[in-house]
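File shown: run-v1.cif. Contents: mmCIF, C-alpha atoms.
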data_upload
loop_
_atom_site.label_atom_id
_atom_site.label_comp_id
_atom_site.auth_asym_id
_atom_site.auth_seq_id
_atom_site.Cartn_x
_atom_site.Cartn_y
_atom_site.Cartn_z
CA MET A 955 0.00 0.00 0.00
CA LYS A 956 1.08 3.57 -0.70
CA ILE A 957 0.89 5.07 2.77
CA PRO A 958 1.86 8.70 3.27
CA PRO A 959 4.74 9.07 5.75
CA SER A 960 2.51 11.15 8.05
CA ARG A 961 0.21 8.11 8.49
CA ASN A 962 2.90 5.44 8.64
CA PRO A 963 3.70 4.50 12.27
CA ALA A 964 7.13 3.19 11.25
CA VAL A 965 8.04 6.75 10.18
CA ALA A 966 5.68 9.05 12.10
CA SER A 967 6.33 8.34 15.75
CA SER A 968 3.21 10.32 16.71
CA GLN A 969 1.19 7.59 14.97
CA ASN A 970 3.03 4.72 16.67
CA PRO A 971 1.36 3.61 19.93
CA PHE A 972 4.63 2.07 21.09
CA VAL A 973 6.25 5.51 20.96
CA ALA A 974 3.25 7.78 21.54
CA THR A 975 2.19 6.09 24.77
CA SER A 976 -1.02 8.11 24.98
CA LEU A 977 -2.23 5.75 22.23
CA ASN A 978 -1.05 2.59 24.01
CA PRO A 979 -3.74 0.89 26.13
CA ASN A 980 -1.06 -0.77 28.25
CA VAL A 981 -0.04 2.74 29.40
CA ALA A 982 -3.17 4.83 28.81
CA THR A 983 -5.55 2.68 30.81
CA SER A 984 -8.56 4.78 29.76
CA LEU A 985 -8.16 2.94 26.42
CA ASN A 986 -7.91 -0.49 28.04
CA PRO A 987 -11.30 -2.24 28.24
CA ASN A 988 -10.02 -4.47 31.03
CA VAL A 989 -9.59 -1.34 33.18
CA ALA A 990 -12.08 1.10 31.65
CA THR A 991 -15.05 -1.23 31.91
CA SER A 992 -17.43 1.35 30.43
CA LYS A 993 -15.63 0.56 27.14
CA ASN A 994 -15.81 -3.20 27.60
CA PRO A 995 -18.71 -4.73 25.62
CA PHE A 996 -18.87 -7.66 28.02
CA VAL A 997 -19.52 -5.31 30.95
CA ALA A 998 -21.26 -2.41 29.19
CA THR A 999 -23.79 -4.56 27.39
CA SER A 1000 -25.19 -1.63 25.38
CA LEU A 1001 -22.01 -2.03 23.28
CA ASN A 1002 -22.49 -5.77 22.82
CA PRO A 1003 -24.33 -6.69 19.58
CA ASN A 1004 -25.46 -9.99 21.08
CA VAL A 1005 -27.42 -8.04 23.70
CA ALA A 1006 -28.09 -4.67 22.03
CA THR A 1007 -29.29 -6.04 18.71
CA GLY A 1008 -29.85 -2.59 17.18
CA HIS A 1009 -26.25 -2.73 15.99
CA ASN A 1010 -26.19 -6.39 15.02
CA PRO A 1011 -26.31 -6.84 11.22
CA LEU A 1012 -28.08 -10.19 11.61
CA VAL A 1013 -31.00 -8.33 13.21
CA ALA A 1014 -30.71 -4.76 11.91
CA THR A 1015 -30.80 -5.51 8.18
CA SER A 1016 -29.95 -1.91 7.23
CA LEU A 1017 -26.48 -2.73 8.63
CA ASN A 1018 -26.22 -6.05 6.78
CA TYR A 1019 -24.23 -5.68 3.58
CA ARG A 1020 -25.91 -8.79 2.12
CA VAL A 1021 -29.35 -7.18 2.44
CA ALA A 1022 -28.61 -3.45 2.11
CA SER A 1023 -27.12 -3.11 -1.35
CA SER A 1024 -26.12 0.50 -0.65
CA ILE A 1025 -23.36 -0.77 1.68
CA ASN A 1026 -22.35 -3.80 -0.40
CA PRO A 1027 -19.15 -3.04 -2.33
CA HIS A 1028 -20.00 -5.74 -4.87
CA VAL A 1029 -23.18 -3.81 -5.78
CA ALA A 1030 -22.34 -0.22 -4.84
CA THR A 1031 -19.17 -0.01 -6.88
CA SER A 1032 -18.44 3.51 -5.62
CA LEU A 1033 -17.47 1.75 -2.35
CA ASN A 1034 -15.33 -0.85 -4.09
CA PRO A 1035 -11.65 0.19 -4.08
CA ARG A 1036 -10.99 -2.04 -7.09
CA VAL A 1037 -13.39 0.17 -9.07
CA ALA A 1038 -13.24 3.48 -7.19
CA THR A 1039 -9.46 3.79 -7.30
CA SER A 1040 -9.39 6.94 -5.16
CA LYS A 1041 -10.34 4.66 -2.26
CA ASN A 1042 -7.57 2.14 -3.04
CA PRO A 1043 -4.30 2.75 -1.16
CA ASN A 1044 -2.48 0.59 -3.69
CA ILE A 1045 -3.22 3.31 -6.25
CA ALA A 1046 -3.99 6.52 -4.31
CA SER A 1047 -1.35 7.73 -1.91
CA ASN A 1048 -3.78 9.11 0.67
CA ILE A 1049 -7.23 7.65 1.31
CA ASP A 1050 -10.11 9.07 3.34
CA GLY A 1051 -10.48 5.85 5.35
CA PHE A 1052 -8.21 4.31 7.95
CA TYR A 1053 -5.05 2.33 7.37
CA ILE A 1054 -5.15 -0.77 9.61
CA TRP A 1055 -2.01 -2.10 11.34
CA ASP A 1056 -1.44 -5.11 13.54
CA SER A 1057 0.45 -4.88 16.83
CA ASN A 1058 3.72 -5.65 15.00
CA LEU A 1059 3.31 -2.56 12.76
CA ARG A 1060 2.37 -4.64 9.71
CA GLN A 1061 -0.20 -3.26 7.29
CA VAL A 1062 -3.25 -5.49 7.42
CA GLY A 1063 -5.84 -3.46 5.56
CA PHE A 1064 -7.83 -0.26 5.21
CA THR A 1065 -11.38 1.00 5.47
CA VAL A 1066 -13.89 2.68 3.18
CA ASP A 1067 -16.79 4.66 4.64
CA ALA A 1068 -20.13 3.31 3.43
CA ASN A 1069 -22.32 5.70 5.43
CA GLU A 1070 -22.29 7.43 8.83
CA ARG A 1071 -22.66 4.11 10.71
CA VAL A 1072 -20.89 1.60 8.48
CA ARG A 1073 -17.28 1.27 7.36
CA LEU A 1074 -16.11 -1.52 5.11
CA ILE A 1075 -12.83 -3.34 5.78
CA PHE A 1076 -10.52 -4.45 2.98
CA ASP A 1077 -7.30 -6.43 3.12
CA PRO A 1078 -4.08 -5.00 1.57
CA ASN A 1079 -5.07 -6.46 -1.82
CA ALA A 1080 -8.39 -4.55 -1.75
CA GLU A 1081 -10.42 -7.70 -1.05
CA PHE A 1082 -13.56 -7.05 1.01
CA SER A 1083 -13.01 -8.69 4.40
CA GLY A 1084 -15.36 -7.23 7.00
CA VAL A 1085 -17.64 -4.52 8.31
CA LEU A 1086 -17.40 -1.99 11.12
CA ILE A 1087 -20.57 -0.70 12.72
CA SER A 1088 -20.48 2.47 14.79
CA VAL A 1089 -22.17 2.12 18.16
CA ARG A 1090 -20.95 5.27 19.94
CA SER A 1091 -18.56 8.05 18.95
CA TYR A 1092 -15.78 6.11 20.68
CA PHE A 1093 -16.80 2.52 19.86
CA MET A 1094 -17.28 0.32 16.74
CA ASN A 1095 -18.01 -3.38 16.46
CA GLU A 1096 -16.23 -5.46 13.81
CA PHE A 1097 -17.99 -8.23 11.89
CA ASP A 1098 -16.66 -10.73 9.36
CA LEU A 1099 -18.30 -11.46 6.00
CA ASP A 1100 -20.64 -13.96 7.68
CA ASN A 1101 -21.87 -11.10 9.90
CA SER A 1102 -20.32 -12.77 12.95
CA TRP A 1103 -19.02 -10.45 15.64
CA VAL A 1104 -15.21 -10.80 15.69
CA GLY A 1105 -13.97 -7.77 17.64
CA TYR A 1106 -14.34 -4.11 18.43
CA TRP A 1107 -12.50 -0.82 18.06
CA LEU A 1108 -12.00 1.97 20.62
CA HIS A 1109 -11.30 5.54 19.56
CA ALA A 1110 -7.98 6.89 20.87
CA ARG A 1111 -7.70 10.22 19.00
CA ASP A 1112 -8.08 11.67 15.50
CA ASP A 1113 -7.72 8.75 13.04
CA THR A 1114 -6.34 6.38 15.66
CA TRP A 1115 -8.61 3.56 16.75
CA LEU A 1116 -7.41 0.59 18.78
CA ARG A 1117 -8.52 -2.82 17.55
CA TYR A 1118 -9.46 -5.54 20.07
CA SER A 1119 -10.34 -9.22 19.83
CA LEU A 1120 -13.36 -10.64 21.63
CA LYS A 1121 -10.93 -11.72 24.35
CA ASN A 1122 -10.26 -8.00 25.08
CA GLN A 1123 -6.75 -8.35 23.64
CA TRP A 1124 -5.28 -5.36 21.81
CA ILE A 1125 -4.48 -6.65 18.31
CA GLY A 1126 -3.94 -3.53 16.21
CA PHE A 1127 -4.69 0.10 15.49
CA THR A 1128 -5.42 2.56 12.70
CA THR A 1129 -3.85 5.68 11.28
#
Could you quickly redo this structure as structure tokens?
Amino acid sequence: MKIPPSRNPAVASSQNPFVATSLNPNVATSLNPNVATSKNPFVATSLNPNVATGHNPLVATSLNYRVASSINPHVATSLNPRVATSKNPNIASNIDGFYIWDSNLRQVGFTVDANERVRLIFDPNAEFSGVLISVRSYFMNEFDLDNSWVGYWLHARDDTWLRYSLKNQWIGFTT
């Protein structure tokens, strides 16, 4: 992917949570769902799509890309980075969405905004791989292509979101 230096955590230390500790949930405990339980979907059940079904794509069909064609990148080609090349970081050097990194600073994907509640996740090869659904201004749930809940994201600042597994383990972040 063509990532601008300002959004590359290997170059821009302000984007690297291992350098900018205010972005690191092991240091900034307000970003750690094991400490800040109001951000833990297993404690704050209004964040949990298995309890609060209004943000579960299996129940709320307007959030289900298989039902709502306006958020399906195979139908709405303006959301498909293989067609809409301005959304493809392999072609465009700066995208509107997030660049996704794992905890080893490897590029694992990027996002494309579908609407104000839904973001689509693509792998580095621009293959559609998942969906993010906004629950609160600081919280998004991640679903795979089977609409199964696989994790969640907590907002740290600006374009930085921290990515967590369903075991509350920090697995990545965005720039």
Hits from the PyMOL selection byres ((chain A and resi 972-985) around 8), listed as a list in words: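 Taken on the displayed file, the PyMOL selection byres ((chain A and resi 972-985) around 8) yields the residues Ser967, Ser968, Gln969, Asn970, Pro971, Asn986, Pro987, Val989, Ala990, Lys993, Leu1108, His1109, Ala1110, Arg1111, Thr1114 and Trp1124 of chain A.
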With distances taken over all atoms listed in the file, which residue among A:Phe1093, A:Phe1064, A:Trp1107, A:Phe1076 lies nearest Ile957 in chain A? A:Phe1064
Please provide as a list in words all residues within 9 Å of Gln1061 in chain A, with the sequence filter that same-chain residues fewer than 4 positions apart are discarded (counting all atoms listed in the file). Met955, Tyr1053, Ile1054, Trp1055, Asp1056, Asp1077 and Pro1078 of chain A
On this structure, which residues satisfy the PyMOL selection byres ((chain A and resi 1025) around 12), written as a ChimeraX atom specification? /A:1011,1015-1024,1026-1034,1066-1075,1082,1084-1087
note - CA of Asp1113 in chain A and CA of Ser1040 in chain A are separated by 18.4 Å
One decimal, Å: what's the distance from CA of Thr1128 in chain A over to CA of Asn1079 in chain A, could you say?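 Going from CA of Thr1128 in chain A over to CA of Asn1079 in chain A, I get 17.1 Å.
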Would you mind writing range 1072-1101 of chain A with N, CA and C atoms, as a JSON list (two decimals), keeping the file's coordinate frame?
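Everything below was put into part31.json:
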[["chain", "number", "residue", "atom", "x", "y", "z"],
["A", 1072, "VAL", "N", -21.55, 2.81, 8.99],
["A", 1072, "VAL", "CA", -20.89, 1.60, 8.48],
["A", 1072, "VAL", "C", -19.61, 1.95, 7.73],
["A", 1073, "ARG", "N", -18.56, 1.22, 8.08],
["A", 1073, "ARG", "CA", -17.28, 1.27, 7.36],
["A", 1073, "ARG", "C", -16.99, -0.14, 6.88],
["A", 1074, "LEU", "N", -16.46, -0.23, 5.68],
["A", 1074, "LEU", "CA", -16.11, -1.52, 5.11],
["A", 1074, "LEU", "C", -14.61, -1.75, 5.29],
["A", 1075, "ILE", "N", -14.24, -2.98, 5.57],
["A", 1075, "ILE", "CA", -12.83, -3.34, 5.78],
["A", 1075, "ILE", "C", -12.35, -4.12, 4.56],
["A", 1076, "PHE", "N", -11.16, -3.76, 4.10],
["A", 1076, "PHE", "CA", -10.52, -4.45, 2.98],
["A", 1076, "PHE", "C", -9.13, -4.87, 3.39],
["A", 1077, "ASP", "N", -8.67, -5.99, 2.84],
["A", 1077, "ASP", "CA", -7.30, -6.43, 3.12],
["A", 1077, "ASP", "C", -6.34, -5.62, 2.23],
["A", 1078, "PRO", "N", -5.03, -5.80, 2.37],
["A", 1078, "PRO", "CA", -4.08, -5.00, 1.57],
["A", 1078, "PRO", "C", -4.24, -5.16, 0.06],
["A", 1079, "ASN", "N", -4.86, -6.24, -0.39],
["A", 1079, "ASN", "CA", -5.07, -6.46, -1.82],
["A", 1079, "ASN", "C", -6.42, -5.92, -2.29],
["A", 1080, "ALA", "N", -7.08, -5.15, -1.45],
["A", 1080, "ALA", "CA", -8.39, -4.55, -1.75],
["A", 1080, "ALA", "C", -9.50, -5.58, -1.85],
["A", 1081, "GLU", "N", -9.35, -6.69, -1.14],
["A", 1081, "GLU", "CA", -10.42, -7.70, -1.05],
["A", 1081, "GLU", "C", -11.29, -7.35, 0.16],
["A", 1082, "PHE", "N", -12.59, -7.32, -0.05],
["A", 1082, "PHE", "CA", -13.56, -7.05, 1.01],
["A", 1082, "PHE", "C", -13.41, -8.12, 2.09],
["A", 1083, "SER", "N", -13.25, -7.70, 3.35],
["A", 1083, "SER", "CA", -13.01, -8.69, 4.40],
["A", 1083, "SER", "C", -13.83, -8.51, 5.66],
["A", 1084, "GLY", "N", -14.55, -7.41, 5.80],
["A", 1084, "GLY", "CA", -15.36, -7.23, 7.00],
["A", 1084, "GLY", "C", -16.08, -5.91, 7.04],
["A", 1085, "VAL", "N", -16.80, -5.70, 8.14],
["A", 1085, "VAL", "CA", -17.64, -4.52, 8.31],
["A", 1085, "VAL", "C", -17.46, -3.98, 9.73],
["A", 1086, "LEU", "N", -17.40, -2.67, 9.84],
["A", 1086, "LEU", "CA", -17.40, -1.99, 11.12],
["A", 1086, "LEU", "C", -18.72, -1.26, 11.29],
["A", 1087, "ILE", "N", -19.32, -1.39, 12.45],
["A", 1087, "ILE", "CA", -20.57, -0.70, 12.72],
["A", 1087, "ILE", "C", -20.37, 0.20, 13.93],
["A", 1088, "SER", "N", -20.62, 1.48, 13.73],
["A", 1088, "SER", "CA", -20.48, 2.47, 14.79],
["A", 1088, "SER", "C", -21.61, 2.29, 15.81],
["A", 1089, "VAL", "N", -21.21, 2.24, 17.07],
["A", 1089, "VAL", "CA", -22.17, 2.12, 18.16],
["A", 1089, "VAL", "C", -22.25, 3.43, 18.94],
["A", 1090, "ARG", "N", -21.10, 3.99, 19.26],
["A", 1090, "ARG", "CA", -20.95, 5.27, 19.94],
["A", 1090, "ARG", "C", -19.82, 6.02, 19.24],
["A", 1091, "SER", "N", -19.62, 7.27, 19.59],
["A", 1091, "SER", "CA", -18.56, 8.05, 18.95],
["A", 1091, "SER", "C", -17.18, 7.47, 19.24],
["A", 1092, "TYR", "N", -17.07, 6.68, 20.28],
["A", 1092, "TYR", "CA", -15.78, 6.11, 20.68],
["A", 1092, "TYR", "C", -15.71, 4.59, 20.49],
["A", 1093, "PHE", "N", -16.74, 3.98, 19.89],
["A", 1093, "PHE", "CA", -16.80, 2.52, 19.86],
["A", 1093, "PHE", "C", -17.41, 2.01, 18.55],
["A", 1094, "MET", "N", -16.74, 1.01, 17.93],
["A", 1094, "MET", "CA", -17.28, 0.32, 16.74],
["A", 1094, "MET", "C", -17.12, -1.18, 16.94],
["A", 1095, "ASN", "N", -18.10, -1.93, 16.46],
["A", 1095, "ASN", "CA", -18.01, -3.38, 16.46],
["A", 1095, "ASN", "C", -17.56, -3.86, 15.09],
["A", 1096, "GLU", "N", -16.73, -4.89, 15.06],
["A", 1096, "GLU", "CA", -16.23, -5.46, 13.81],
["A", 1096, "GLU", "C", -16.91, -6.81, 13.55],
["A", 1097, "PHE", "N", -17.33, -6.99, 12.31],
["A", 1097, "PHE", "CA", -17.99, -8.23, 11.89],
["A", 1097, "PHE", "C", -17.26, -8.79, 10.67],
["A", 1098, "ASP", "N", -17.25, -10.11, 10.55],
["A", 1098, "ASP", "CA", -16.66, -10.73, 9.36],
["A", 1098, "ASP", "C", -17.70, -10.79, 8.26],
["A", 1099, "LEU", "N", -17.38, -11.42, 7.15],
["A", 1099, "LEU", "CA", -18.30, -11.46, 6.00],
["A", 1099, "LEU", "C", -19.50, -12.38, 6.23],
["A", 1100, "ASP", "N", -19.47, -13.16, 7.29],
["A", 1100, "ASP", "CA", -20.64, -13.96, 7.68],
["A", 1100, "ASP", "C", -21.51, -13.22, 8.68],
["A", 1101, "ASN", "N", -21.18, -11.95, 8.92],
["A", 1101, "ASN", "CA", -21.87, -11.10, 9.90],
["A", 1101, "ASN", "C", -21.72, -11.61, 11.33]]
